[in-house]
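What follows is query31.cif (mmCIF, C-alpha atoms).
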data_target
loop_
_atom_site.group_PDB
_atom_site.id
_atom_site.type_symbol
_atom_site.label_atom_id
_atom_site.label_comp_id
_atom_site.auth_asym_id
_atom_site.auth_seq_id
_atom_site.Cartn_x
_atom_site.Cartn_y
_atom_site.Cartn_z
ATOM 1 C CA MET A 1139 88.578 -183.874 165.860
ATOM 2 C CA PRO A 1140 90.874 -186.943 165.775
ATOM 3 C CA ASP A 1141 90.653 -188.852 162.471
ATOM 4 C CA ARG A 1142 90.306 -192.371 163.904
ATOM 5 C CA LEU A 1143 87.887 -195.263 164.379
ATOM 6 C CA ALA A 1144 88.521 -195.754 168.101
ATOM 7 C CA PRO A 1145 87.393 -192.956 170.408
ATOM 8 C CA PHE A 1146 89.891 -190.467 171.777
ATOM 9 C CA GLN A 1147 90.061 -191.188 175.504
ATOM 10 C CA LEU A 1148 90.839 -188.553 178.123
ATOM 11 C CA ALA A 1149 90.972 -189.109 181.894
ATOM 12 C CA LEU A 1150 90.867 -186.567 184.698
ATOM 13 C CA LEU A 1151 93.097 -188.035 187.380
ATOM 14 C CA ASN A 1152 94.494 -186.957 190.719
ATOM 15 C CA HIS A 1153 94.816 -189.120 193.823
ATOM 16 C CA LYS A 1154 94.148 -186.038 195.956
ATOM 17 C CA GLY A 1155 90.504 -185.088 196.446
ATOM 18 C CA GLY A 1156 89.152 -181.580 196.088
ATOM 19 C CA THR A 1157 91.061 -180.615 192.946
ATOM 20 C CA GLY A 1158 87.952 -180.110 190.825
ATOM 21 C CA LYS A 1159 88.210 -183.276 188.731
ATOM 22 C CA THR A 1160 84.492 -183.782 188.311
ATOM 23 C CA THR A 1161 83.812 -180.141 187.495
ATOM 24 C CA LEU A 1162 86.494 -180.197 184.816
ATOM 25 C CA ALA A 1163 85.485 -183.611 183.479
ATOM 26 C CA PHE A 1164 81.818 -182.600 183.173
ATOM 27 C CA ASN A 1165 82.492 -179.312 181.424
ATOM 28 C CA LEU A 1166 85.378 -180.552 179.262
ATOM 29 C CA ALA A 1167 83.128 -183.361 178.056
ATOM 30 C CA ALA A 1168 80.562 -180.729 177.104
ATOM 31 C CA ALA A 1169 83.243 -178.760 175.255
ATOM 32 C CA LEU A 1170 84.298 -181.875 173.345
ATOM 33 C CA ALA A 1171 80.660 -182.633 172.540
ATOM 34 C CA GLN A 1172 80.552 -179.395 170.555
ATOM 35 C CA ARG A 1173 83.071 -181.042 168.226
ATOM 36 C CA ALA A 1174 81.767 -184.627 168.072
ATOM 37 C CA PRO A 1175 79.663 -187.130 170.061
ATOM 38 C CA THR A 1176 81.102 -187.528 173.558
ATOM 39 C CA LEU A 1177 80.620 -189.946 176.451
ATOM 40 C CA LEU A 1178 81.469 -189.024 180.048
ATOM 41 C CA VAL A 1179 82.107 -192.036 182.299
ATOM 42 C CA ASP A 1180 81.847 -191.654 186.074
ATOM 43 C CA LEU A 1181 84.408 -193.981 187.688
ATOM 44 C CA ASP A 1182 84.177 -192.349 191.107
ATOM 45 C CA ALA A 1183 82.282 -194.361 193.734
ATOM 46 C CA GLN A 1184 80.699 -191.104 194.922
ATOM 47 C CA GLY A 1185 78.989 -190.799 191.543
ATOM 48 C CA SER A 1186 79.273 -187.009 191.491
ATOM 49 C CA ALA A 1187 79.063 -186.691 187.705
ATOM 50 C CA LEU A 1188 75.967 -188.905 187.635
ATOM 51 C CA GLN A 1189 74.370 -186.843 190.408
ATOM 52 C CA TRP A 1190 75.195 -183.677 188.474
ATOM 53 C CA ALA A 1191 73.530 -185.072 185.357
ATOM 54 C CA ALA A 1192 70.495 -186.169 187.410
ATOM 55 C CA GLN A 1193 69.813 -182.534 188.322
ATOM 56 C CA GLN A 1194 69.290 -181.755 184.654
ATOM 57 C CA GLY A 1195 65.935 -180.224 183.856
ATOM 58 C CA GLY A 1196 64.495 -179.393 180.462
ATOM 59 C CA GLU A 1197 67.545 -178.754 178.294
ATOM 60 C CA LYS A 1198 69.373 -181.898 177.210
ATOM 61 C CA LEU A 1199 73.056 -182.262 178.086
ATOM 62 C CA PRO A 1200 75.368 -182.116 175.045
ATOM 63 C CA MET A 1201 77.136 -185.357 176.062
ATOM 64 C CA ARG A 1202 76.054 -188.737 177.406
ATOM 65 C CA VAL A 1203 76.884 -189.509 181.034
ATOM 66 C CA SER A 1204 77.366 -193.126 182.078
ATOM 67 C CA ALA A 1205 78.285 -195.151 185.155
ATOM 68 C CA ALA A 1206 81.415 -197.288 184.895
ATOM 69 C CA LEU A 1207 79.477 -200.554 184.700
ATOM 70 C CA GLU A 1208 77.411 -199.183 181.806
ATOM 71 C CA ALA A 1209 80.313 -197.691 179.875
ATOM 72 C CA GLU A 1210 81.048 -200.757 177.744
ATOM 73 C CA ALA A 1211 77.403 -201.048 176.734
ATOM 74 C CA ALA A 1212 77.247 -197.313 176.028
ATOM 75 C CA LEU A 1213 80.313 -197.541 173.806
ATOM 76 C CA GLY A 1214 78.796 -200.384 171.828
ATOM 77 C CA ALA A 1215 75.240 -199.071 171.732
ATOM 78 C CA ALA A 1216 73.413 -198.615 168.469
ATOM 79 C CA GLY A 1217 73.614 -195.212 166.881
ATOM 80 C CA GLU A 1218 76.508 -192.859 166.419
ATOM 81 C CA PRO A 1219 79.495 -194.040 168.512
ATOM 82 C CA PRO A 1220 81.333 -191.464 170.615
ATOM 83 C CA ALA A 1221 84.391 -189.834 169.113
ATOM 84 C CA PHE A 1222 85.529 -188.803 172.596
ATOM 85 C CA VAL A 1223 85.357 -190.575 175.956
ATOM 86 C CA VAL A 1224 86.101 -188.617 179.143
ATOM 87 C CA TRP A 1225 86.761 -190.558 182.353
ATOM 88 C CA ASP A 1226 86.116 -188.934 185.728
ATOM 89 C CA CYS A 1227 88.450 -190.999 187.915
ATOM 90 C CA PRO A 1228 88.246 -191.611 191.675
ATOM 91 C CA PRO A 1229 90.739 -189.813 193.951
ATOM 92 C CA SER A 1230 93.055 -192.836 194.023
ATOM 93 C CA SER A 1231 95.863 -193.529 191.592
ATOM 94 C CA ASP A 1232 96.093 -197.130 192.883
ATOM 95 C CA HIS A 1233 92.457 -197.942 192.110
ATOM 96 C CA PRO A 1234 92.330 -201.158 189.969
ATOM 97 C CA GLN A 1235 90.050 -199.537 187.385
ATOM 98 C CA VAL A 1236 92.409 -196.562 187.085
ATOM 99 C CA LEU A 1237 95.451 -198.789 186.642
ATOM 100 C CA ALA A 1238 93.648 -200.806 183.963
ATOM 101 C CA LEU A 1239 92.411 -197.644 182.264
ATOM 102 C CA LEU A 1240 95.923 -196.247 181.818
ATOM 103 C CA SER A 1241 96.651 -198.911 179.196
ATOM 104 C CA GLN A 1242 93.973 -197.556 176.829
ATOM 105 C CA LEU A 1243 94.075 -193.799 177.334
ATOM 106 C CA ASP A 1244 95.302 -191.173 174.893
ATOM 107 C CA TRP A 1245 95.529 -188.355 177.440
ATOM 108 C CA VAL A 1246 95.617 -187.853 181.211
ATOM 109 C CA LEU A 1247 94.875 -184.413 182.567
ATOM 110 C CA VAL A 1248 95.958 -183.813 186.171
ATOM 111 C CA PRO A 1249 94.111 -180.887 187.764
ATOM 112 C CA VAL A 1250 96.101 -179.249 190.535
ATOM 113 C CA LEU A 1251 95.136 -176.338 192.742
ATOM 114 C CA PRO A 1252 97.546 -173.390 193.045
ATOM 115 C CA SER A 1253 98.808 -174.418 196.474
ATOM 116 C CA PRO A 1254 102.039 -175.945 197.798
ATOM 117 C CA ILE A 1255 100.101 -178.839 199.369
ATOM 118 C CA ASP A 1256 98.742 -179.891 195.981
ATOM 119 C CA LEU A 1257 102.199 -179.541 194.514
ATOM 120 C CA TRP A 1258 103.787 -181.821 197.117
ATOM 121 C CA ALA A 1259 101.041 -184.412 196.663
ATOM 122 C CA SER A 1260 101.821 -184.811 192.942
ATOM 123 C CA TRP A 1261 105.094 -186.746 193.090
ATOM 124 C CA HIS A 1262 103.563 -190.218 193.342
ATOM 125 C CA LEU A 1263 101.159 -189.569 190.477
ATOM 126 C CA VAL A 1264 103.940 -188.335 188.203
ATOM 127 C CA ARG A 1265 105.907 -191.547 188.815
ATOM 128 C CA LEU A 1266 102.810 -193.619 188.033
ATOM 129 C CA LEU A 1267 102.284 -191.799 184.741
ATOM 130 C CA GLN A 1268 105.924 -192.233 183.788
ATOM 131 C CA GLN A 1269 105.569 -195.976 184.335
ATOM 132 C CA ALA A 1270 102.370 -196.057 182.289
ATOM 133 C CA ARG A 1271 104.035 -194.211 179.414
ATOM 134 C CA ALA A 1272 106.836 -196.782 179.363
ATOM 135 C CA SER A 1273 104.304 -199.431 178.277
ATOM 136 C CA ARG A 1274 102.110 -197.027 176.284
ATOM 137 C CA PRO A 1275 104.463 -194.525 174.589
ATOM 138 C CA GLY A 1276 101.594 -192.657 172.927
ATOM 139 C CA LEU A 1277 100.057 -191.666 176.243
ATOM 140 C CA GLN A 1278 100.137 -187.899 176.803
ATOM 141 C CA ALA A 1279 99.774 -186.280 180.215
ATOM 142 C CA ALA A 1280 99.838 -182.789 181.627
ATOM 143 C CA PHE A 1281 99.041 -180.726 184.680
ATOM 144 C CA VAL A 1282 96.353 -178.077 184.427
ATOM 145 C CA ILE A 1283 96.142 -175.433 187.135
ATOM 146 C CA ASN A 1284 92.541 -175.307 188.292
ATOM 147 C CA GLN A 1285 90.625 -172.750 190.372
ATOM 148 C CA ALA A 1286 93.334 -170.169 189.744
ATOM 149 C CA GLU A 1287 92.952 -166.641 191.058
ATOM 150 C CA PRO A 1288 93.261 -163.866 188.434
ATOM 151 C CA ASP A 1289 96.754 -162.371 188.186
ATOM 152 C CA SER A 1290 97.915 -164.396 191.191
ATOM 153 C CA ALA A 1291 101.649 -164.560 191.874
ATOM 154 C CA LEU A 1292 101.097 -168.022 193.344
ATOM 155 C CA THR A 1293 99.575 -169.271 190.087
ATOM 156 C CA ALA A 1294 102.611 -168.018 188.173
ATOM 157 C CA ALA A 1295 104.918 -169.645 190.722
ATOM 158 C CA MET A 1296 103.036 -172.932 190.348
ATOM 159 C CA HIS A 1297 103.778 -172.979 186.619
ATOM 160 C CA ASP A 1298 107.486 -172.744 187.376
ATOM 161 C CA ALA A 1299 107.382 -175.291 190.193
ATOM 162 C CA LEU A 1300 105.399 -177.868 188.225
ATOM 163 C CA ARG A 1301 107.961 -177.821 185.423
ATOM 164 C CA GLU A 1302 110.371 -179.575 187.792
ATOM 165 C CA PHE A 1303 108.136 -182.656 187.699
ATOM 166 C CA GLU A 1304 109.083 -183.621 184.133
ATOM 167 C CA LEU A 1305 105.419 -183.535 183.147
ATOM 168 C CA GLN A 1306 103.924 -181.030 180.738
ATOM 169 C CA VAL A 1307 102.071 -178.072 182.242
ATOM 170 C CA LEU A 1308 99.313 -176.573 180.107
ATOM 171 C CA PRO A 1309 99.940 -172.858 179.534
ATOM 172 C CA CYS A 1310 96.238 -172.105 179.993
ATOM 173 C CA VAL A 1311 94.621 -172.142 183.430
ATOM 174 C CA VAL A 1312 91.061 -172.602 184.632
ATOM 175 C CA ARG A 1313 90.008 -169.823 186.993
ATOM 176 C CA ARG A 1314 87.921 -170.038 190.120
ATOM 177 C CA ARG A 1315 84.421 -169.051 189.004
ATOM 178 C CA ALA A 1316 81.058 -169.194 190.778
ATOM 179 C CA ILE A 1317 79.426 -170.089 187.454
ATOM 180 C CA TYR A 1318 80.631 -173.688 187.813
ATOM 181 C CA ARG A 1319 78.606 -174.081 191.021
ATOM 182 C CA SER A 1320 75.580 -172.488 189.384
ATOM 183 C CA ALA A 1321 75.834 -174.909 186.462
ATOM 184 C CA ALA A 1322 76.124 -177.924 188.778
ATOM 185 C CA LEU A 1323 73.068 -176.892 190.810
ATOM 186 C CA GLY A 1324 71.000 -176.806 187.636
ATOM 187 C CA GLY A 1325 72.430 -180.005 186.163
ATOM 188 C CA GLN A 1326 73.939 -177.946 183.349
ATOM 189 C CA THR A 1327 77.314 -177.179 181.851
ATOM 190 C CA VAL A 1328 78.800 -173.699 181.646
ATOM 191 C CA GLN A 1329 78.316 -173.827 177.874
ATOM 192 C CA MET A 1330 74.567 -174.141 178.421
ATOM 193 C CA LEU A 1331 74.446 -170.880 180.390
ATOM 194 C CA GLY A 1332 75.072 -168.621 177.413
ATOM 195 C CA ARG A 1333 76.747 -165.290 178.081
ATOM 196 C CA ARG A 1334 77.005 -165.977 181.819
ATOM 197 C CA GLY A 1335 79.212 -168.977 181.151
ATOM 198 C CA ALA A 1336 81.090 -167.611 178.145
ATOM 199 C CA ALA A 1337 84.353 -166.768 179.936
ATOM 200 C CA ALA A 1338 84.501 -170.192 181.589
ATOM 201 C CA ALA A 1339 83.638 -171.911 178.301
ATOM 202 C CA ALA A 1340 86.475 -170.057 176.562
ATOM 203 C CA GLU A 1341 88.974 -171.318 179.149
ATOM 204 C CA LEU A 1342 87.761 -174.871 178.674
ATOM 205 C CA ASP A 1343 88.050 -174.531 174.894
ATOM 206 C CA ALA A 1344 91.658 -173.413 175.382
ATOM 207 C CA VAL A 1345 92.343 -176.589 177.379
ATOM 208 C CA ILE A 1346 90.752 -178.717 174.656
ATOM 209 C CA GLU A 1347 92.805 -177.012 171.954
ATOM 210 C CA GLU A 1348 96.006 -177.806 173.873
ATOM 211 C CA ILE A 1349 95.016 -181.453 174.204
ATOM 212 C CA LEU A 1350 93.957 -181.977 170.595
ATOM 213 C CA LYS A 1351 96.693 -180.062 168.832
#

Show how you would write the structure in this file as structure tokens.
Amino acid sequence: MPDRLAPFQLALLNHKGGTGKTTLAFNLAAALAQRAPTLLVDLDAQGSALQWAAQQGGEKLPMRVSAALEAEAALGAAGEPPAFVVWDCPPSSDHPQVLALLSQLDWVLVPVLPSPIDLWASWHLVRLLQQARASRPGLQAAFVINQAEPDSALTAAMHDALREFELQVLPCVVRRRAIYRSAALGGQTVQMLGRRGAAAAAELDAVIEEILK
């Protein structure tokens, strides 16, 4: 866990929809919550993370989930402050809240599907992150290949292709797993599903380890 007073802030960002941002944000926040108190902020107008949390039944989520307008109050609320804040961003890199957020982040994780279309759509976002890092040198950013197929040649090729973007590519990938849909339907995280979610939880822990090392 970072040794700091201010929370460690991570954003899931991609201006292309359908890359699995919310699924990753929700479950990565749960993984971080196993280390220290964590707040997940839903910046997306669709409110998918909030809807996911609203499905929750008896078992309490490991992290708090907040709307954007409530995030400041949640951060300053009485009790133990969050050590980690995860931002689920809208599918727009030009969104005013996203542009403002870049000035305070520690990490940006860019989920990308193992497809040429997702690869081609990444150029603009890489330029935006390079500009943000010019004014905030401590900002770290990386691609993570999401919904990868096991032992896929295309996934391996994506690792090589993404390296041309001058942005870090995490060596670990997140595989396509039905367990994520099952967790969402129940308002849960994969970590809450025990043995059924263990493989997915291990992949998410690997992502967290890469970010925090």

List the residues matched by the PyMOL selection byres ((chain A and resi 1317-1320) around 10) in the displayed structure as JSON, numbers by chain, ordered by chain and then by residue number.
-> {"A": [1161, 1162, 1165, 1314, 1315, 1316, 1321, 1322, 1323, 1324, 1325, 1326, 1327, 1328, 1331, 1334, 1335, 1336, 1337, 1338]}

Run the PyMOL selection byres ((chain A and resi 1227) around 7) mentally over the shown coordinates, then write out the matched residues as a count of residues only, using the chain letters and numbers from the document.
-> 11

The PyMOL selection byres ((chain A and resi 1279) around 8) on the file shown: which residues, as a ChimeraX atom specification?
-> /A:1245-1248,1267,1277-1278,1280-1281,1305-1306

Show which residues sit within 9 Å of Pro1200 of chain A, as number ranges by chain. Count all atoms listed in the file, and ignore same-chain residues fewer than 6 positions away.
-> A: 1167-1169, 1171-1172, 1175-1176, 1327, 1330

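Atom CA of Ala1270 of chain A is positioned 23.2 Å from atom CA of Ala1183 of chain A.
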
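As for atom CA of Leu1251 of chain A and atom CA of Asn1284 of chain A, they are spaced 5.3 Å apart.
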
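As for atom CA of Phe1222 of chain A and atom CA of Leu1177 of chain A, they are spaced 6.3 Å apart.
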
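For Lys1154 of chain A, the non-local neighbours within 9 Å, defined as residues at least 5 positions apart in the same chain or in other chains and counting all atoms listed in the file, are Pro1229, Ser1230, Ser1231, Val1250, Asp1256, Ala1259 and Ser1260 of chain A.
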
Option closest in space to Phe1146 of chain A, from A:Gly1276, A:Pro1234, A:Pro1249, A:Pro1288 [counting only C-alpha atoms] | A:Gly1276

Pick out the closest residue to Arg1202 of chain A from this set: A:Glu1341, A:Leu1188, A:Thr1160, A:Ala1299. Count only C-alpha atoms.
-> A:Leu1188

Counting all atoms listed in the file, closest pick from A:Leu1166, A:Leu1237, A:Leu1148, A:Ala1339 relative to Gln1269 of chain A is A:Leu1237

Nearest to Leu1170 of chain A by atom-to-atom distance, counting only C-alpha atoms, from A:Glu1287, A:Glu1208, A:Asp1343, A:Glu1348 = A:Asp1343

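Take the candidates A:Lys1198, A:Arg1173, A:Arg1313, A:Arg1301 and check each one against Pro1220 of chain A using all atoms listed in the file; the shortest distance goes to A:Arg1173.
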